[in-house]
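Structure first, then comments.
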Amino acid sequence: MSSAIRWAMALLATLGLGLAGCTTTVSTESFQLAEFSISGPATLGEDTESISVANSGSYPHTLVVTDTDGAVVAATGLLQPGETTGLALELGTGTFSFTCRIVAEDDEGRLVDHFEAGMHTTVSVSG
């Protein structure tokens with residue numbers, strides 16, 4: 001085997017070992033939407049970059065994240081029953097409201113506000 005081939009193989013082996021030590025793990029927390037609840041962790045780390053949002057209910061839902069001033073900082077689109085999506089987050093430390101803000105008409109013509117029916121939770125973000 002030529003010295004050039006041995007050198008190339010040694011270089012590839014070294015790079016492979018070096019890259020194996022440089023992997024990073026990004027955890028994604030999960031939230032579940034259903035009638036009429038939002039379940040998931042009560043606390044997120046400041047380094048949380050995304051969450052998974054699943055609609056396990058029978059009706060469409062959304063997840064809207066607001067800060068203490070009521071400003072929307074992140075939101076999903078309309079999630080159909082059984083649908084899951086990822087939601088990118090850039091949250092600092094503090095307290096945030098996770099809500100479903102749909103108001104829809106039920107089968108009897110009455111308006112149902114998902115927030116008022118219990119689709120809200122408070123999530124703290126710590127550093």
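We name chains A, B, ... following the order of the structure tokens; residues begin at 1 in each chain, and ligands are numbered from 1 as shown.
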message = Applying 12 Å and only C-alpha atoms, which residues near region 28-45 of chain A remain after dropping the ones on its own chain fewer than 5 positions away? List them as a PyMOL selection string.
response = chain A and resi 50-65+76+78-102+112-127
For the residues selected in the previous step, produce a file with C-alpha atoms as a PDB file, in the first residue's frame.
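Produced file part-v6.pdb, reproduced below:
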```
ATOM      1  CA  SER A  50     -38.391  24.010  18.834  1.00  0.00           C
ATOM      2  CA  ILE A  51     -41.349  22.044  20.095  1.00  0.00           C
ATOM      3  CA  SER A  52     -43.478  19.337  18.545  1.00  0.00           C
ATOM      4  CA  VAL A  53     -47.220  20.046  18.498  1.00  0.00           C
ATOM      5  CA  ALA A  54     -49.725  17.248  17.881  1.00  0.00           C
ATOM      6  CA  ASN A  55     -53.482  17.531  17.546  1.00  0.00           C
ATOM      7  CA  SER A  56     -54.840  14.405  19.205  1.00  0.00           C
ATOM      8  CA  GLY A  57     -58.342  15.847  19.299  1.00  0.00           C
ATOM      9  CA  SER A  58     -61.331  15.453  16.994  1.00  0.00           C
ATOM     10  CA  TYR A  59     -61.448  19.074  15.817  1.00  0.00           C
ATOM     11  CA  PRO A  60     -58.905  21.488  14.297  1.00  0.00           C
ATOM     12  CA  HIS A  61     -56.737  23.413  16.780  1.00  0.00           C
ATOM     13  CA  THR A  62     -53.834  25.873  16.826  1.00  0.00           C
ATOM     14  CA  LEU A  63     -51.104  26.638  19.320  1.00  0.00           C
ATOM     15  CA  VAL A  64     -50.365  30.310  19.924  1.00  0.00           C
ATOM     16  CA  VAL A  65     -47.495  31.343  22.217  1.00  0.00           C
ATOM     17  CA  THR A  76     -48.787  27.081  14.382  1.00  0.00           C
ATOM     18  CA  LEU A  78     -54.439  25.226  11.743  1.00  0.00           C
ATOM     19  CA  LEU A  79     -53.734  21.630  12.768  1.00  0.00           C
ATOM     20  CA  GLN A  80     -56.239  19.053  11.607  1.00  0.00           C
ATOM     21  CA  PRO A  81     -57.060  16.044  13.838  1.00  0.00           C
ATOM     22  CA  GLY A  82     -54.106  13.634  13.890  1.00  0.00           C
ATOM     23  CA  GLU A  83     -51.686  16.192  12.440  1.00  0.00           C
ATOM     24  CA  THR A  84     -48.295  16.974  14.031  1.00  0.00           C
ATOM     25  CA  THR A  85     -45.994  19.889  13.278  1.00  0.00           C
ATOM     26  CA  GLY A  86     -42.854  21.487  14.606  1.00  0.00           C
ATOM     27  CA  LEU A  87     -42.809  25.038  15.942  1.00  0.00           C
ATOM     28  CA  ALA A  88     -39.574  27.048  16.078  1.00  0.00           C
ATOM     29  CA  LEU A  89     -39.136  29.102  19.248  1.00  0.00           C
ATOM     30  CA  GLU A  90     -36.876  31.946  20.309  1.00  0.00           C
ATOM     31  CA  LEU A  91     -37.920  32.498  23.908  1.00  0.00           C
ATOM     32  CA  GLY A  92     -35.995  34.253  26.624  1.00  0.00           C
ATOM     33  CA  THR A  93     -36.499  33.522  30.292  1.00  0.00           C
ATOM     34  CA  GLY A  94     -39.950  34.310  31.586  1.00  0.00           C
ATOM     35  CA  THR A  95     -43.538  33.119  31.511  1.00  0.00           C
ATOM     36  CA  PHE A  96     -45.517  32.423  28.349  1.00  0.00           C
ATOM     37  CA  SER A  97     -49.108  31.505  27.578  1.00  0.00           C
ATOM     38  CA  PHE A  98     -49.719  28.547  25.268  1.00  0.00           C
ATOM     39  CA  THR A  99     -53.284  28.776  23.943  1.00  0.00           C
ATOM     40  CA  CYS A 100     -55.680  27.708  21.221  1.00  0.00           C
ATOM     41  CA  ARG A 101     -57.440  30.816  19.925  1.00  0.00           C
ATOM     42  CA  ILE A 102     -60.086  29.215  17.704  1.00  0.00           C
ATOM     43  CA  VAL A 112     -67.335  27.790  21.172  1.00  0.00           C
ATOM     44  CA  ASP A 113     -64.192  29.678  22.217  1.00  0.00           C
ATOM     45  CA  HIS A 114     -61.444  27.072  22.664  1.00  0.00           C
ATOM     46  CA  PHE A 115     -59.508  29.348  25.058  1.00  0.00           C
ATOM     47  CA  GLU A 116     -62.552  29.906  27.279  1.00  0.00           C
ATOM     48  CA  ALA A 117     -63.281  26.166  27.175  1.00  0.00           C
ATOM     49  CA  GLY A 118     -59.892  25.453  28.806  1.00  0.00           C
ATOM     50  CA  MET A 119     -57.327  25.334  25.983  1.00  0.00           C
ATOM     51  CA  HIS A 120     -54.613  27.322  27.718  1.00  0.00           C
ATOM     52  CA  THR A 121     -51.604  26.648  29.901  1.00  0.00           C
ATOM     53  CA  THR A 122     -48.696  28.626  31.321  1.00  0.00           C
ATOM     54  CA  VAL A 123     -45.127  27.620  30.504  1.00  0.00           C
ATOM     55  CA  SER A 124     -42.061  28.991  32.282  1.00  0.00           C
ATOM     56  CA  VAL A 125     -38.746  29.319  30.488  1.00  0.00           C
ATOM     57  CA  SER A 126     -35.638  29.197  32.652  1.00  0.00           C
ATOM     58  CA  GLY A 127     -31.986  29.774  31.833  1.00  0.00           C
TER      59      GLY A 127
END
```
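Pairwise distance (CA of Thr66 (chain A), CA of Glu46 (chain A)) equals 15.5 Å.
Taking CA of Thr48 (chain A) as the reference point, CA of Val72 (chain A) is found at 17.3 Å.
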